[in-house]
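*Asks:* Input structure: start_5.txt, which contains compact mmCIF, C-alpha atoms.
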# COMPACT_ATOMS: atom_id res chain seq x y z
CA THR A 280 1.76 -26.03 77.56
CA LEU A 281 3.98 -23.88 75.37
CA PRO A 282 6.29 -26.13 73.36
CA HIS A 283 9.97 -25.37 73.84
CA GLU A 284 11.71 -23.57 71.01
CA PRO A 285 15.30 -24.87 70.59
CA SER A 286 16.65 -21.52 69.29
CA ILE A 287 16.21 -19.99 72.74
CA GLU A 288 17.18 -21.17 76.19
CA GLY A 289 13.68 -21.44 77.67
CA GLU A 290 10.40 -19.66 78.25
CA ALA A 291 9.81 -17.76 81.51
CA SER A 292 7.42 -15.21 83.04
CA PRO A 293 4.57 -15.69 80.55
CA ASP A 294 1.69 -13.31 79.92
CA VAL A 295 -1.33 -14.32 77.82
CA VAL A 296 -3.72 -11.82 76.18
CA ARG A 297 -6.24 -11.89 73.37
CA ALA A 298 -5.46 -9.82 70.28
CA PRO A 299 -8.18 -7.82 68.50
CA ASP A 300 -8.33 -10.49 65.75
CA GLY A 301 -9.20 -13.17 68.35
CA THR A 302 -5.84 -14.93 68.43
CA TRP A 303 -3.99 -15.35 71.69
CA VAL A 304 -0.58 -13.78 72.26
CA VAL A 305 1.87 -15.34 74.70
CA THR A 306 4.75 -13.08 75.74
CA TYR A 307 7.75 -14.39 77.66
CA GLN A 308 11.44 -13.85 78.28
CA SER A 309 14.37 -16.02 77.33
CA PHE A 310 18.04 -16.04 76.41
CA VAL A 311 19.22 -16.32 72.81
CA HIS A 312 21.65 -19.22 72.33
CA ASP A 313 23.82 -17.36 69.81
CA VAL A 314 24.64 -14.48 72.18
CA ASP A 315 27.39 -15.47 74.59
CA GLY A 316 26.72 -13.92 78.00
CA GLY A 317 23.76 -11.90 76.73
CA GLU A 318 20.90 -10.88 78.98
CA ALA A 319 17.27 -12.03 78.75
CA LYS A 320 15.07 -10.55 76.02
CA LEU A 321 11.34 -10.63 75.27
CA TYR A 322 9.57 -12.83 72.73
CA TYR A 323 6.02 -13.61 71.66
CA ARG A 324 4.15 -16.46 70.02
CA THR A 325 0.55 -16.61 68.84
CA THR A 326 -2.05 -19.36 68.96
CA SER A 327 -5.72 -19.78 68.19
CA ASP A 328 -6.22 -23.08 70.00
CA PHE A 329 -3.41 -23.51 72.60
CA ARG A 330 -2.29 -26.64 70.75
CA THR A 331 -0.34 -25.12 67.85
CA TYR A 332 1.82 -22.02 68.13
CA SER A 333 3.64 -19.67 65.80
CA ALA A 334 7.41 -19.56 65.76
CA PRO A 335 8.89 -17.23 68.41
CA HIS A 336 9.25 -13.58 67.42
CA PRO A 337 11.41 -10.93 69.13
CA LEU A 338 9.36 -8.41 71.10
CA GLY A 339 10.65 -4.87 71.50
CA HIS A 340 14.31 -5.70 70.89
CA ASP A 341 14.68 -2.33 69.11
CA LEU A 342 14.02 -0.58 72.46
CA HIS A 343 17.13 -2.02 74.16
CA PRO A 344 19.18 -3.68 71.40
CA ALA A 345 22.51 -4.35 73.14
CA SER A 346 23.11 -7.94 74.24
CA THR A 347 23.78 -6.55 77.74
CA ASP A 348 20.34 -4.86 77.85
CA ARG A 349 18.03 -7.03 79.97
CA MET A 350 14.27 -6.96 79.24
CA ILE A 351 11.94 -9.21 81.25
CA ASP A 352 8.32 -9.60 82.40
CA GLY A 353 6.73 -8.38 79.17
CA ALA A 354 2.99 -7.72 78.93
CA VAL A 355 1.08 -6.30 75.97
CA ALA A 356 -2.32 -4.64 75.76
CA TRP A 357 -4.39 -3.22 72.93
CA THR A 358 -5.63 -0.01 74.53
CA PRO A 359 -7.34 3.23 73.43
CA ALA A 360 -3.77 4.66 73.23
CA GLY A 361 -2.70 1.85 70.88
CA LEU A 362 -0.66 -1.29 71.38
CA LEU A 363 1.38 -0.94 74.58
CA LEU A 364 4.21 -3.04 75.97
CA GLY A 365 5.10 -3.02 79.66
CA TYR A 366 8.39 -4.58 80.75
CA LYS A 367 11.18 -4.42 83.30
CA VAL A 368 14.59 -3.20 82.19
CA GLY A 369 17.89 -3.28 84.06
CA VAL A 370 20.34 -5.77 85.43
CA GLN A 371 19.42 -8.03 88.35
CA ASP A 372 20.84 -6.83 91.68
CA ARG A 373 21.27 -3.33 90.20
CA THR A 374 18.88 -0.56 89.21
CA GLN A 375 15.79 -1.90 87.47
CA ALA A 376 12.73 -0.03 86.20
CA PHE A 377 9.26 -0.59 84.81
CA GLU A 378 8.98 0.91 81.31
CA ILE A 379 6.17 1.29 78.80
CA ALA A 380 6.55 1.45 75.03
CA ARG A 381 4.04 1.90 72.22
CA SER A 382 3.84 0.39 68.75
CA PRO A 383 2.43 3.24 66.60
CA SER A 384 1.79 0.72 63.80
CA GLY A 385 -0.26 -1.50 66.14
CA SER A 386 1.96 -4.46 65.23
CA LEU A 387 3.68 -6.69 67.75
CA ASP A 388 6.69 -6.48 65.43
CA GLY A 389 6.88 -2.72 66.03
CA PRO A 390 8.61 -0.49 65.54
CA TRP A 391 8.36 0.32 69.24
CA ALA A 392 8.74 3.83 70.68
CA PRO A 393 9.46 4.44 74.38
CA VAL A 394 6.66 6.14 76.31
CA GLY A 395 8.58 6.30 79.60
CA ARG A 396 8.81 4.98 83.13
CA PRO A 397 5.56 4.96 85.14
CA ASP A 398 5.51 6.79 88.46
CA ILE A 399 4.98 3.63 90.50
CA SER A 400 7.01 2.71 93.56
CA VAL A 401 6.28 -0.06 96.05
CA PHE A 402 8.49 -0.53 99.10
CA GLY A 403 10.81 2.09 97.56
CA ASP A 404 11.42 0.01 94.45
CA THR A 405 9.95 -0.84 91.05
CA ILE A 406 7.34 -3.50 90.25
CA GLU A 407 7.42 -6.60 88.03
CA ASN A 408 5.33 -9.42 86.48
CA TYR A 409 2.79 -7.18 84.73
CA GLN A 410 -0.74 -7.76 83.48
CA PHE A 411 -2.85 -4.95 81.97
CA VAL A 412 -6.58 -5.49 82.55
CA SER A 413 -9.63 -3.54 81.41
CA LEU A 414 -12.02 -3.87 84.34
CA GLN A 415 -15.31 -2.07 85.06
CA GLY A 416 -14.60 0.69 82.52
CA SER A 417 -11.08 1.42 83.82
CA TRP A 418 -7.63 0.16 82.97
CA ARG A 419 -5.84 -1.66 85.79
CA LEU A 420 -2.35 -2.96 86.22
CA LEU A 421 -1.74 -6.11 88.21
CA ALA A 422 1.90 -6.48 89.25
CA THR A 423 4.06 -7.73 92.07
CA SER A 424 6.45 -5.72 94.17
CA ASN A 425 10.08 -6.16 93.19
CA GLN A 426 10.80 -6.75 96.88
CA PHE A 427 8.80 -9.44 98.72
CA ASP A 428 6.76 -10.39 95.58
CA ARG A 429 3.49 -8.95 96.94
CA PRO A 430 0.60 -8.55 94.45
CA PHE A 431 -0.67 -4.99 93.87
CA LEU A 432 -3.51 -3.58 91.78
CA PHE A 433 -3.14 -0.09 90.30
CA THR A 434 -5.70 2.03 88.40
CA LEU A 435 -4.77 4.22 85.43
CA ALA A 436 -5.01 7.81 86.67
CA GLY A 437 -5.12 9.61 83.31
CA ASN A 438 -6.83 9.54 79.94
CA ALA A 439 -6.53 6.03 78.45
CA HIS A 440 -6.37 7.55 74.93
CA ASP A 441 -3.15 9.48 75.69
CA PRO A 442 -0.01 7.30 75.66
CA THR A 443 1.76 9.50 78.23
CA SER A 444 -1.15 9.03 80.66
CA TRP A 445 -0.07 5.40 80.97
CA LEU A 446 2.83 6.68 83.07
CA HIS A 447 0.43 7.79 85.83
CA TRP A 448 -1.27 5.28 88.14
CA SER A 449 -3.04 5.22 91.47
CA PRO A 450 -0.85 4.43 94.50
CA GLY A 451 -1.93 0.81 94.26
CA ARG A 452 -3.61 -1.55 96.64
CA GLN A 453 -1.99 -4.69 97.96
CA LEU A 454 -4.14 -7.73 97.35
CA PRO A 455 -4.51 -10.03 100.34
CA ILE A 456 -3.72 -13.63 99.44
CA PRO A 457 -4.98 -16.18 102.00
Mind turning this structure into structure tokens?

*Replies:*
Amino acid sequence: TLPHEPSIEGEASPDVVRAPDGTWVVTYQSFVHDVDGGEAKLYYRTTSDFRTYSAPHPLGHDLHPASTDRMIDGAVAWTPAGLLLGYKVGVQDRTQAFEIARSPSGSLDGPWAPVGRPDISVFGDTIENYQFVSLQGSWRLLATSNQFDRPFLFTLAGNAHDPTSWLHWSPGRQLPIP
């Protein structure tokens, strides 16, 4: 259980990954209490034991800094191309997109540089709820369709060492859920 942080409205859409130093990183989205009418932004906390957690830290806010810029569904991965952040940007019920950014420093605190928008479309729309997974020597992306919330598994189509290759994925395979 992630303890609630009073400086933000709540914690939603979590992703949990292990950092190279062995600590765990929990990413999530929330609203900042001091921004009236602002959109959701990304945050992260770290833990080594799932009992005590760091204070919340902003994640990628320099990518879309306006209070009206919505960033949700964050997922990070330490990859051969460096530390990557996948997230959904855009306002609900309007155009939304999956974007990838890279931290050239390798730090979760950035600075973050945009890589671009991956060439993924499911049911004519973007995807959400990301998880990057290294599996059987390949990088995979587990995500749900933005429409109908169906789970899909994609395989990185390019060179994992090249940040721009992370914009190119297999067409994806829907996972059957009994």

*Asks:* Give me, as a count of residues only, all polymer residues having an atom no more than 10 Å from Ser444 of chain A, counting all atoms listed in the file and skipping those fewer than 3 positions away in the same chain.

*Replies:* 12

*Asks:* Measuring atom to atom with all atoms listed in the file, identify which of A:Met350, A:Leu454, A:Leu420, A:Ala291 is nearest to Ala376 of chain A.

*Replies:*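 For Ala376 of chain A, the nearest of the candidates is A:Met350.
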
*Asks:* Tell me, as a ChimeraX atom specification, which residues lie within 7 Å of Pro393 of chain A, counting all atoms listed in the file; anything in the same chain fewer than 6 positions away does not count.

*Replies:* /A:379-381

*Asks:* Could you write those residues out with C-alpha atoms, as a CSV table (one decimal), keeping the file's coordinate frame?

*Replies:*
chain,number,residue,atom,x,y,z
A,379,ILE,CA,6.2,1.3,78.8
A,380,ALA,CA,6.6,1.4,75.0
A,381,ARG,CA,4.0,1.9,72.2

*Asks:* At what distance in Å, to one decimal, does atom CA of Gly385 of chain A lie from atom CA of Leu363 of chain A?

*Replies:*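 That distance, rounded to one decimal, is 8.6 Å.
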
*Asks:* Record the distance separating atom CA of Phe402 of chain A and atom CA of Ser292 of chain A, expressed in Å with one decimal.

*Replies:*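 Separation between atom CA of Phe402 of chain A and atom CA of Ser292 of chain A: 21.8 Å.
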
*Asks:* Any idea what the distance is between atom CA of Thr443 of chain A and atom CA of Glu407 of chain A?

*Replies:*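 Separation between atom CA of Thr443 of chain A and atom CA of Glu407 of chain A: 19.7 Å.
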
*Asks:* Excluding Gln453 of chain A and residues on its chain fewer than 6 positions from it, collect all residues at most 10 Å away from it, counting only C-alpha atoms, and give them as an MDAnalysis selection string.

*Replies:* chainID A and resid 401 421:424 429:433

*Asks:* Please provide the set of residues having any atom within 10 Å of Val295 of chain A, restricted to all atoms listed in the file, with same-chain residues fewer than 6 positions apart removed, written as a PyMOL selection string.

*Replies:* chain A and resi 303-307+323-325+354-356+410

*Asks:* From the list A:Ile456, A:Val370, A:Leu338, A:Ile399, which residue is nearest Leu321 of chain A when using all atoms listed in the file?

*Replies:* A:Leu338
